[in-house]
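Colleague: The file below is target04.txt, compact mmCIF, C-alpha atoms:
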```txt
# COMPACT_ATOMS: atom_id res chain seq x y z
CA MET A 1 5.01 -13.37 -9.45
CA SER A 2 7.08 -10.27 -8.85
CA ALA A 3 7.58 -8.39 -5.60
CA ILE A 4 7.83 -4.98 -7.30
CA MET A 5 4.60 -3.77 -5.77
CA TRP A 6 6.15 -3.79 -2.29
CA PRO A 7 9.17 -1.46 -2.59
CA VAL A 8 7.33 1.03 -4.81
CA THR A 9 4.42 1.48 -2.38
CA LEU A 10 5.77 0.87 1.14
CA LEU A 11 8.37 3.63 1.40
CA PRO A 12 8.44 5.17 3.96
CA LEU A 13 5.11 4.74 5.79
CA GLY A 14 4.59 1.10 4.87
CA LEU A 15 8.04 0.01 6.03
CA PHE A 16 7.48 1.83 9.30
CA LEU A 17 4.16 0.03 9.85
CA VAL A 18 4.85 -3.45 8.46
CA THR A 19 7.83 -3.91 10.77
CA SER A 20 5.73 -2.96 13.81
CA ASN A 21 2.94 -4.66 15.76
CA ASN A 22 0.45 -1.99 14.71
CA PRO A 23 -2.87 -3.42 13.42
CA SER A 24 -2.26 -1.54 10.19
CA SER A 25 0.70 -3.87 9.59
CA TRP A 26 -1.60 -6.90 9.52
CA ALA A 27 -4.11 -5.00 7.42
CA ILE A 28 -1.54 -4.07 4.76
CA MET A 29 -0.07 -7.55 4.50
CA GLY A 30 -3.38 -9.37 4.78
CA VAL A 31 -5.09 -7.41 2.00
CA ALA A 32 -2.09 -7.66 -0.34
CA PHE A 33 -1.58 -11.38 0.30
CA ALA A 34 -5.30 -12.02 -0.20
CA PHE A 35 -5.08 -10.39 -3.63
CA THR A 36 -1.92 -12.14 -4.80
CA SER A 37 -2.89 -15.57 -3.46
CA LEU A 38 -6.37 -15.41 -5.01
CA LEU A 39 -4.94 -14.27 -8.34
CA SER A 40 -2.56 -17.24 -8.30
CA PHE A 41 -5.37 -19.54 -7.14
CA PHE A 42 -7.32 -18.79 -10.31
CA ALA A 43 -4.22 -19.35 -12.44
CA VAL A 44 -3.26 -22.86 -11.29
CA THR A 45 -4.92 -26.19 -11.99
CA LYS A 46 -3.07 -28.79 -9.89
CA ARG A 47 -4.64 -29.83 -6.62
CA GLY A 48 -1.61 -29.16 -4.40
CA PRO A 49 -1.14 -25.50 -5.39
CA LEU A 50 -4.91 -24.99 -5.34
CA VAL A 51 -5.15 -26.14 -1.73
CA ALA A 52 -2.09 -24.16 -0.64
CA LEU A 53 -3.13 -20.93 -2.35
CA GLY A 54 -6.74 -21.29 -1.24
CA GLY A 55 -5.61 -21.74 2.34
CA LEU A 56 -3.28 -18.76 2.09
CA PHE A 57 -6.13 -16.64 0.75
CA LEU A 58 -8.41 -17.53 3.65
CA ILE A 59 -5.65 -16.98 6.22
CA SER A 60 -4.80 -13.62 4.66
CA THR A 61 -8.45 -12.59 4.68
CA VAL A 62 -8.78 -13.47 8.35
CA MET A 63 -5.54 -11.63 9.11
CA ALA A 64 -6.73 -8.46 7.38
CA ALA A 65 -10.33 -8.52 8.56
CA GLY A 66 -9.34 -9.37 12.11
CA ALA A 67 -6.85 -6.51 12.28
CA ARG A 68 -9.10 -3.63 11.27
CA GLY A 69 -12.73 -3.32 10.25
CA ASP A 70 -11.86 -1.23 7.22
CA ALA A 71 -9.35 -3.87 6.09
CA ALA A 72 -12.24 -6.35 5.93
CA ILE A 73 -13.82 -4.13 3.27
CA TYR A 74 -10.46 -3.77 1.53
CA ALA A 75 -10.06 -7.56 1.42
CA VAL A 76 -13.40 -7.78 -0.40
CA ILE A 77 -12.30 -5.10 -2.89
CA ALA A 78 -8.98 -6.88 -3.45
CA SER A 79 -10.80 -10.17 -4.02
CA LEU A 80 -13.14 -8.58 -6.56
CA ALA A 81 -10.14 -7.10 -8.38
CA ALA A 82 -8.43 -10.50 -8.53
CA MET A 83 -11.63 -12.13 -9.79
CA THR A 84 -12.03 -9.47 -12.47
CA LEU A 85 -8.48 -9.98 -13.72
CA SER A 86 -8.94 -13.76 -13.77
CA PHE A 87 -12.46 -13.95 -15.16
CA THR A 88 -13.23 -16.53 -17.82
CA LYS A 89 -16.51 -17.99 -19.03
CA SER A 90 -15.83 -21.48 -17.75
CA ARG A 91 -17.12 -23.96 -15.22
CA ALA A 92 -13.68 -24.09 -13.59
CA PHE A 93 -13.81 -20.37 -12.83
CA ALA A 94 -17.32 -20.69 -11.42
CA TRP A 95 -16.22 -23.42 -9.01
CA LYS A 96 -13.13 -21.49 -7.98
CA ALA A 97 -15.25 -18.38 -7.38
CA LEU A 98 -16.77 -20.14 -4.36
CA LEU A 99 -13.54 -19.45 -2.47
CA PRO A 100 -13.75 -15.63 -2.59
CA LEU A 101 -17.43 -15.95 -1.65
CA ALA A 102 -16.27 -17.68 1.52
CA GLY A 103 -13.78 -14.86 1.99
CA LEU A 104 -16.63 -12.37 1.61
CA GLY A 105 -18.54 -14.08 4.39
CA ILE A 106 -15.50 -14.03 6.67
CA SER A 107 -14.88 -10.35 5.95
CA LEU A 108 -18.48 -9.36 6.68
CA ILE A 109 -18.50 -11.24 9.98
CA PHE A 110 -15.32 -9.55 11.16
CA TYR A 111 -16.48 -6.15 9.90
CA PHE A 112 -19.75 -6.16 11.82
CA MET A 113 -17.92 -7.36 14.93
CA SER A 114 -15.42 -4.49 14.72
CA GLN A 115 -15.59 -1.04 16.27
CA GLN A 116 -15.19 0.51 12.81
CA ALA A 117 -18.62 -0.77 11.73
CA GLY A 118 -20.27 2.23 13.39
CA VAL A 119 -18.20 4.68 11.36
CA ALA A 120 -20.44 4.12 8.34
CA SER A 121 -23.38 5.72 10.15
CA THR A 122 -21.94 7.97 12.86
CA GLY A 123 -18.56 8.98 11.44
CA LEU A 124 -15.18 8.97 13.12
CA GLY A 125 -16.13 11.46 15.80
CA GLY A 126 -19.73 10.46 16.30
CA ALA A 127 -21.05 13.39 14.24
CA THR A 128 -23.35 12.95 11.25
CA ALA A 129 -23.71 14.97 8.08
CA GLY A 130 -27.37 15.56 8.90
CA SER A 131 -26.42 17.71 11.90
CA LYS A 132 -25.34 20.60 9.67
CA SER A 133 -26.97 22.59 6.90
CA LEU A 134 -26.80 21.62 3.25
CA ALA A 135 -24.43 24.50 2.53
CA GLU A 136 -22.04 23.41 5.29
CA ASN A 137 -22.13 19.79 4.13
CA LEU A 138 -21.46 20.87 0.56
CA GLY A 139 -18.54 23.00 1.74
CA VAL A 140 -16.98 20.02 3.52
CA LEU A 141 -17.45 17.84 0.44
CA VAL A 142 -15.93 20.35 -1.97
CA SER A 143 -12.95 20.92 0.32
CA ASN A 144 -12.32 17.19 0.67
CA VAL A 145 -12.60 16.54 -3.06
CA MET A 146 -9.94 19.18 -3.72
CA GLN A 147 -7.59 17.92 -1.01
CA LEU A 148 -8.20 14.16 -1.35
CA PRO A 149 -4.89 13.39 -3.17
CA ALA A 150 -3.06 14.42 0.00
CA LEU A 151 -4.30 11.19 1.61
CA TRP A 152 -2.90 9.13 -1.25
CA ILE A 153 0.53 10.72 -1.47
CA GLY A 154 0.74 10.93 2.30
CA VAL A 155 1.75 7.24 2.30
CA PHE A 156 5.00 8.33 0.62
CA GLY A 157 5.78 10.73 3.46
CA GLU A 158 4.48 13.90 1.81
CA SER A 159 3.17 16.57 4.13
CA GLY A 160 2.49 20.26 4.24
CA LEU A 161 1.43 21.04 0.67
CA GLY A 162 -1.41 23.50 0.20
CA SER A 163 -3.76 23.87 3.16
CA VAL A 164 -3.30 20.32 4.42
CA PRO A 165 -1.65 20.10 7.88
CA VAL A 166 2.07 19.34 7.82
CA THR A 167 1.58 16.27 10.02
CA LEU A 168 -0.47 14.25 7.53
CA GLY A 169 2.42 12.27 6.01
CA ASN A 170 4.53 12.08 9.15
CA LEU A 171 5.63 8.85 10.82
CA GLY A 172 5.21 7.75 14.42
CA TRP A 173 2.60 9.72 16.30
CA LEU A 174 2.57 12.09 13.33
CA ASP A 175 5.61 13.76 14.88
CA THR A 176 8.41 12.62 12.56
CA GLN A 177 8.37 14.64 9.36
CA MET A 178 10.06 13.21 6.28
CA PRO A 179 12.29 15.52 4.19
CA MET A 180 11.48 16.09 0.53
CA LEU A 181 14.41 13.88 -0.49
CA VAL A 182 12.39 10.97 0.88
CA TRP A 183 8.88 11.46 -0.44
CA VAL A 184 9.71 13.01 -3.82
CA PRO A 185 11.82 10.02 -5.03
CA ALA A 186 9.38 7.54 -3.48
CA LEU A 187 6.41 9.16 -5.19
CA PHE A 188 8.31 9.48 -8.48
CA VAL A 189 9.17 5.78 -8.58
CA ALA A 190 5.63 4.77 -7.65
CA MET A 191 4.09 6.92 -10.38
CA THR A 192 6.53 5.81 -13.08
CA ALA A 193 5.99 2.16 -12.18
CA PHE A 194 2.22 2.66 -12.20
CA PHE A 195 2.13 4.30 -15.62
CA THR A 196 4.59 1.77 -17.02
CA GLY A 197 2.06 -0.88 -16.06
CA LEU A 198 -0.70 1.01 -17.87
CA ARG A 199 1.03 0.22 -21.16
CA HIS A 200 -0.64 -3.18 -20.89
CA LEU A 201 -4.38 -2.63 -20.66
CA ASP A 202 -7.32 -4.80 -21.58
CA MET A 203 -10.96 -4.71 -20.54
CA ARG A 204 -10.52 -6.82 -17.40
CA LYS A 205 -7.53 -4.86 -16.16
CA THR A 206 -9.28 -1.56 -16.90
CA LEU A 207 -12.34 -2.64 -14.91
CA ALA A 208 -10.20 -3.79 -11.98
CA LEU A 209 -8.23 -0.54 -11.95
CA CYS A 210 -11.38 1.55 -12.12
CA GLY A 211 -12.94 -0.44 -9.30
CA VAL A 212 -10.01 -0.02 -6.91
CA ALA A 213 -9.60 3.64 -7.91
CA ALA A 214 -13.29 4.25 -7.23
CA ALA A 215 -12.84 2.76 -3.76
CA LEU A 216 -9.83 5.00 -3.10
CA ILE A 217 -12.00 7.99 -3.96
CA ALA A 218 -15.41 7.08 -2.58
CA LEU A 219 -14.51 5.45 0.75
CA PRO A 220 -12.42 8.28 2.24
CA LEU A 221 -14.83 10.92 0.94
CA TYR A 222 -17.77 9.10 2.50
CA VAL A 223 -16.08 8.60 5.87
CA LEU A 224 -14.97 12.23 5.99
CA GLN A 225 -18.43 13.44 4.99
CA VAL A 226 -20.37 11.49 7.62
CA SER A 227 -17.74 12.60 10.15
CA LEU A 228 -17.98 16.24 9.02
CA SER A 229 -14.18 16.18 8.89
CA ARG A 230 -11.78 17.64 6.39
CA VAL A 231 -8.71 16.03 4.84
CA GLY A 232 -5.91 16.35 7.36
CA SER A 233 -7.98 15.46 10.42
CA ASP A 234 -9.19 12.08 11.72
CA LEU A 235 -8.53 10.01 8.58
CA GLN A 236 -4.84 9.20 8.06
CA PRO A 237 -3.03 7.98 4.92
CA ARG A 238 -2.13 4.68 6.63
CA TYR A 239 -5.77 3.65 6.53
CA LEU A 240 -5.68 3.77 2.71
CA LEU A 241 -2.29 2.13 2.26
CA PRO A 242 -3.68 -1.41 1.74
CA LEU A 243 -5.64 -0.17 -1.27
CA ILE A 244 -2.61 1.74 -2.58
CA VAL A 245 -0.69 -1.55 -2.62
CA VAL A 246 -3.57 -3.32 -4.38
CA ILE A 247 -4.01 -0.70 -7.10
CA MET A 248 -0.27 -0.84 -7.79
CA ALA A 249 -0.46 -4.63 -8.01
CA VAL A 250 -3.32 -4.36 -10.50
CA ALA A 251 -1.42 -1.78 -12.57
CA LEU A 252 1.63 -4.07 -12.73
CA TYR A 253 -0.44 -7.10 -13.72
CA VAL A 254 0.33 -8.54 -17.16
CA LYS A 255 -1.54 -11.61 -18.35
CA SER A 256 0.20 -14.73 -19.50
CA GLY A 257 1.85 -14.54 -22.91
CA HIS A 258 2.73 -10.86 -22.71
CA ASP A 259 5.99 -9.19 -21.73
CA PHE A 260 6.52 -6.22 -19.44
CA PHE A 261 9.09 -3.85 -20.93
CA VAL A 262 11.38 -1.61 -18.88
CA SER A 263 14.80 -0.27 -19.73
CA ARG A 264 18.00 -0.77 -17.78
CA GLY A 265 17.98 2.95 -17.15
CA GLN A 266 14.62 2.70 -15.42
CA ILE A 267 15.86 -0.06 -13.15
CA VAL A 268 19.00 1.90 -12.22
CA VAL A 269 16.97 5.04 -11.47
CA TRP A 270 14.35 3.17 -9.46
CA VAL A 271 16.90 1.31 -7.34
CA GLY A 272 19.00 4.42 -6.79
CA MET A 273 16.09 6.66 -5.80
CA LEU A 274 14.46 4.09 -3.52
CA GLY A 275 17.81 3.29 -1.92
CA VAL A 276 18.55 6.93 -1.10
CA ALA A 277 14.99 7.61 0.08
CA GLN A 278 14.93 4.64 2.45
CA SER A 279 18.35 5.39 3.89
CA LEU A 280 17.40 8.98 4.65
CA ALA A 281 13.99 8.01 6.03
CA LEU A 282 15.61 5.46 8.34
CA HIS A 283 18.15 8.02 9.52
CA VAL A 284 15.52 10.66 10.25
CA ASN A 285 13.28 8.20 12.08
CA MET A 286 16.14 6.81 14.16
CA ARG A 287 17.30 10.32 15.01
CA ARG A 288 13.82 11.14 16.30
CA TYR A 289 14.01 8.38 18.93
CA ILE A 290 17.74 8.44 19.73
CA THR A 291 18.21 12.14 20.48
CA GLY A 292 15.13 13.99 19.31
CA THR A 293 15.02 16.23 16.28
CA ASP A 294 17.03 19.03 17.90
CA VAL A 295 20.29 17.23 16.91
CA LEU A 296 21.09 17.60 13.20
CA SER A 297 24.33 15.61 12.93
CA MET A 298 24.55 12.78 10.38
CA ASN A 299 26.41 10.76 13.02
CA LEU A 300 23.75 8.91 15.00
CA ASN A 301 26.33 8.02 17.67
CA GLN A 302 26.60 11.67 18.66
CA ASN A 303 24.79 12.86 21.82
CA ILE A 304 22.96 9.54 22.32
CA GLU A 305 20.08 9.85 24.79
CA TRP A 306 18.07 6.66 24.18
CA TRP A 307 19.91 3.50 23.13
CA TRP A 308 21.05 0.17 24.52
CA SER A 309 24.35 0.29 26.38
CA THR A 310 25.42 -3.24 25.44
CA SER A 311 24.67 -3.39 21.69
CA VAL A 312 26.12 -2.07 18.46
CA GLY A 313 25.80 1.66 17.97
CA PRO A 314 22.92 3.32 16.10
CA GLN A 315 25.20 4.46 13.28
CA THR A 316 26.11 0.84 12.58
CA VAL A 317 22.46 -0.20 12.66
CA TRP A 318 21.61 2.56 10.18
CA ILE A 319 24.40 1.52 7.81
CA ILE A 320 23.37 -2.15 7.98
CA GLY A 321 19.72 -1.23 7.42
CA SER A 322 20.53 0.97 4.43
CA ILE A 323 22.78 -1.62 2.78
CA SER A 324 20.27 -4.42 3.43
CA TRP A 325 17.48 -2.44 1.76
CA PHE A 326 19.70 -1.67 -1.22
CA LEU A 327 20.60 -5.35 -1.61
CA LEU A 328 16.92 -6.28 -1.38
CA LEU A 329 16.14 -3.81 -4.16
CA LEU A 330 18.87 -5.33 -6.32
CA LEU A 331 17.44 -8.79 -5.70
CA ILE A 332 13.89 -7.73 -6.58
CA PHE A 333 14.67 -5.64 -9.63
CA ASN A 334 17.36 -7.98 -10.94
CA ASN A 335 14.64 -10.56 -11.49
CA LEU A 336 12.99 -8.17 -13.92
CA HIS A 337 15.48 -8.37 -16.73
CA LEU A 338 17.56 -10.54 -19.00
CA SER A 339 21.06 -9.12 -19.40
CA GLY A 340 22.39 -8.15 -22.81
CA GLU A 341 19.20 -6.61 -24.22
CA LYS A 342 18.70 -2.94 -24.97
CA HIS A 343 15.14 -3.07 -23.72
CA VAL A 344 14.62 -5.52 -20.97
CA LYS A 345 11.97 -8.18 -21.31
CA THR A 346 10.71 -8.79 -17.84
CA HIS A 347 8.54 -11.42 -16.37
CA ALA A 348 5.05 -10.13 -15.78
CA ALA A 349 4.51 -8.46 -12.44
CA PHE A 350 1.61 -10.84 -12.14
CA THR A 351 0.68 -13.56 -14.60
CA ALA A 352 -2.48 -15.54 -14.96
CA THR A 353 -3.54 -18.22 -17.33
CA LYS A 354 -6.79 -17.99 -19.15
```
Give the structure from this file in C-alpha cells form.
Modeller:
Amino acid sequence: MSAIMWPVTLLPLGLFLVTSNNPSSWAIMGVAFAFTSLLSFFAVTKRGPLVALGGLFLISTVMAAGARGDAAIYAVIASLAAMTLSFTKSRAFAWKALLPLAGLGISLIFYFMSQQAGVASTGLGGATAGSKSLAENLGVLVSNVMQLPALWIGVFGESGLGSVPVTLGNLGWLDTQMPMLVWVPALFVAMTAFFTGLRHLDMRKTLALCGVAAALIALPLYVLQVSLSRVGSDLQPRYLLPLIVVIMAVALYVKSGHDFFVSRGQIVVWVGMLGVAQSLALHVNMRRYITGTDVLSMNLNQNIEWWWSTSVGPQTVWIIGSISWFLLLLLIFNNLHLSGEKHVKTHAAFTATK
C-alpha cells in the first residue's frame, strides 16, 4: 500500500490536527485506518495477516467512533467503500464481510451514545428546519448548495472566497489564516492526484467513489439544513476531513494487476509544491503563537514573546520541521517509481486481489 493519500490531503489542516490531542485527530486517523486495514483484510488469505488486519480494523473503528459521533458514521461509509472495492461473488468474501458488520454495530453503539446523535434531529444549534417557512428553508438550502465546495477546500487552508467568511479555512481557533501560497499548491496537488487516479476506473471503483462523494454532499447539507445554518457558520471543514482522506484513497486505488502511471515531472512538482506549502504553513502557524501576527519577519527568533528559555530557538525548529517534511515526501513519492523510465510505473496506491 502507498501512503500518498496522507500528504495530498492533510496539508495544512490535517497536519495541524493529527499532531494534536484534538478528537478530530483520532477521527481522521481512525476512519482512514479502518478503510485501509479493511481493504487489506479482504485482499489477504493467510491466517496471521487476517487476524492482524481484522484487529486493526476493529481498533481503528473504535478509535474513530469513540472520538466523535460523526466519525462513527464516517467509519461505516469507509467500510462500505472498502467492501465495494473488494467485492467478489465468493463464499470467502461473504465470511469476511462479517467483520465490517461487527464494525457497523460498534459504530452505531458509539454514535447513539455520543452528543452528536441529537444533531440529526435538532441541528447544531438546537433549531429545526420546521421552525421557518418553506421559502426561508429553500433559501438556506440554495445558499448552502452554492457554497458547499468551500467546506471541502477549506481543509487545504482556503478562506475568504466569495461570500464565505474568511475564517472558514483558518487554523487554531479559526484565527490563523493561511496565505494563498499554502492552500493553492496544496489544493492543486490534491486535485491532480485525484484525477490521475480516475484514469483507472471500473464499476466497483465508480460505485465507491460515488458513494463517498454522495456522503460529502448530503451529510453537510443535511446538518446545515436542520440547523438552519449557512456554509461558514457552525460546520467546519475539519469535520469533513476524514471523508476527504477516504475519497482520495478510493481515487488512488488500483486493483491488482494494473499499473498506476505518473511522470517524473509530476513527482517533482508534487514534492516541490507540498514542501513549500508545508514550510510556509508551519512558519505562519508558529509565528501566530510566538509573537502574534503583528510581526512579519521571516526570522522567528525576532521579538520572541512566547517560547521556552532553555530549548533550541523557534527558527531552528521551523527549519528542522520543514526539512523533515521534505524528506518524508521524498521517501513517500520515491516509492512510486522505477528509475530510468520515461513514464514511471508505480505500485498501485492500493491493491487488492480478486
Colleague: Using only C-alpha atoms, pick whichever of A:Gly105, A:Val140, A:Gly292, A:Ser324 has the shortest atom-to-atom distance to Val223 (chain A).
Modeller: A:Val140
Colleague: To one decimal in Å, tell me the separation between CA of Phe93 (chain A) and CA of Phe42 (chain A).
Modeller: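 So the answer is 7.1 Å.
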Colleague: Within 8 Å of Ala71 (chain A), counting only C-alpha atoms, which residues qualify if same-chain residues fewer than 3 places away don't, as a list in words?
Modeller: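 Everything that qualifies: Ala27, Ile28, Val31, Ala64, Ala65, Ala67, Arg68, Tyr74, Ala75 and Pro242 of chain A.
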Colleague: Between A:Ala81, A:Leu221, A:Leu17, A:Ile109, single out the one closest to Leu209 (chain A), counting only C-alpha atoms.
Modeller: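 Counting only C-alpha atoms, the residue closest to Leu209 (chain A) is A:Ala81.
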Colleague: Within 12 Å of Ser114 (chain A), counting all atoms listed in the file, which residues qualify if same-chain residues fewer than 2 places away don't, as a PyMOL selection string?
Modeller: chain A and resi 65-73+107-112+116-120
Colleague: Based on the selection just made, write C-alpha atoms of those residues as a short mmCIF file (atom, residue, chain, number, x, y, z; two decimals), keeping the file's coordinate frame.
Modeller:
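See part38.cif below for the written result:
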```
data_model
loop_
_atom_site.label_atom_id
_atom_site.label_comp_id
_atom_site.auth_asym_id
_atom_site.auth_seq_id
_atom_site.Cartn_x
_atom_site.Cartn_y
_atom_site.Cartn_z
CA ALA A 65 -10.33 -8.52 8.56
CA GLY A 66 -9.34 -9.37 12.11
CA ALA A 67 -6.85 -6.51 12.28
CA ARG A 68 -9.10 -3.63 11.27
CA GLY A 69 -12.73 -3.32 10.25
CA ASP A 70 -11.86 -1.23 7.22
CA ALA A 71 -9.35 -3.87 6.09
CA ALA A 72 -12.24 -6.35 5.93
CA ILE A 73 -13.82 -4.13 3.27
CA SER A 107 -14.88 -10.35 5.95
CA LEU A 108 -18.48 -9.36 6.68
CA ILE A 109 -18.50 -11.24 9.98
CA PHE A 110 -15.32 -9.55 11.16
CA TYR A 111 -16.48 -6.15 9.90
CA PHE A 112 -19.75 -6.16 11.82
CA GLN A 116 -15.19 0.51 12.81
CA ALA A 117 -18.62 -0.77 11.73
CA GLY A 118 -20.27 2.23 13.39
CA VAL A 119 -18.20 4.68 11.36
CA ALA A 120 -20.44 4.12 8.34
#
```
Colleague: For Thr196 (chain A), which residue among A:Ser263, A:Ser37, A:Ser322, A:Asn144 is the nearest when counting only C-alpha atoms?
Modeller: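 Of A:Ser263, A:Ser37, A:Ser322, A:Asn144, the one nearest Thr196 (chain A) is A:Ser263, counting only C-alpha atoms.
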Colleague: Figure out the distance between CA of Lys255 (chain A) and CA of Phe87 (chain A), please, to one decimal in Å.
Modeller: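 Interatomic distance here is 11.6 Å.
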Colleague: For Ile332 (chain A), which of A:Phe57, A:Trp95, A:Tyr253, A:Trp270 is the closest residue, counting all atoms listed in the file?
Modeller: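 With all atoms listed in the file as the atom set, the closest residue is A:Trp270.
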Colleague: Contacts of region 302-311 of chain A at 9 Å or less, counting only C-alpha atoms, minus same-chain residues fewer than 4 places along, as a PyMOL selection string?
Modeller: chain A and resi 289-292+295+297-298
Colleague: Would you kindly return, as a list in words, each protein, DNA or RNA residue with an atom no farther than 7 Å from any atom of region 183-188 of chain A, considering only C-alpha atoms and excluding same-chain residues fewer than 5 positions away?
Modeller: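 That gives Val8, Leu11, Phe156, Gly157, Glu158, Met273, Leu274 and Ala277 of chain A.
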Colleague: Expressed in Å to a single decimal, how great is the separation between CA of Val44 (chain A) and CA of Lys205 (chain A)?
Modeller: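 Interatomic distance, CA of Val44 (chain A) to CA of Lys205 (chain A): 19.1 Å.
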Colleague: So, with all atoms listed in the file as the atoms that count, which of A:Leu241, A:Leu224, A:Val284, A:Leu207 lies closest to Asp175 (chain A)?
Modeller: A:Val284
Colleague: To test the calculation: enclose all listed atoms of region 68-80 of chain A in a box whose edges run along x, y and z, add 3 Å on each side, then state centre and edge lengths in Å to one decimal, as lines of an AutoDock Vina configuration file.
Modeller:
```
center_x = -11.4
center_y = -5.7
center_z = 2.4
size_x = 10.8
size_y = 14.9
size_z = 23.8
```
Colleague: Do a neighbour search on Val317 (chain A) at 12 Å with all atoms listed in the file, toss out local chain neighbours closer than 4 positions, and write the hits as a ChimeraX atom specification.
Modeller: /A:279,282-283,286-287,299-301,307-308,311-313,321-324
Colleague: When you count all atoms listed in the file, which of these residues is closest to Ser24 (chain A): A:Leu280, A:Leu219, A:Leu171, A:Leu240?
Modeller: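 Between A:Leu280, A:Leu219, A:Leu171, A:Leu240, the residue approaching Ser24 (chain A) most closely is A:Leu240.
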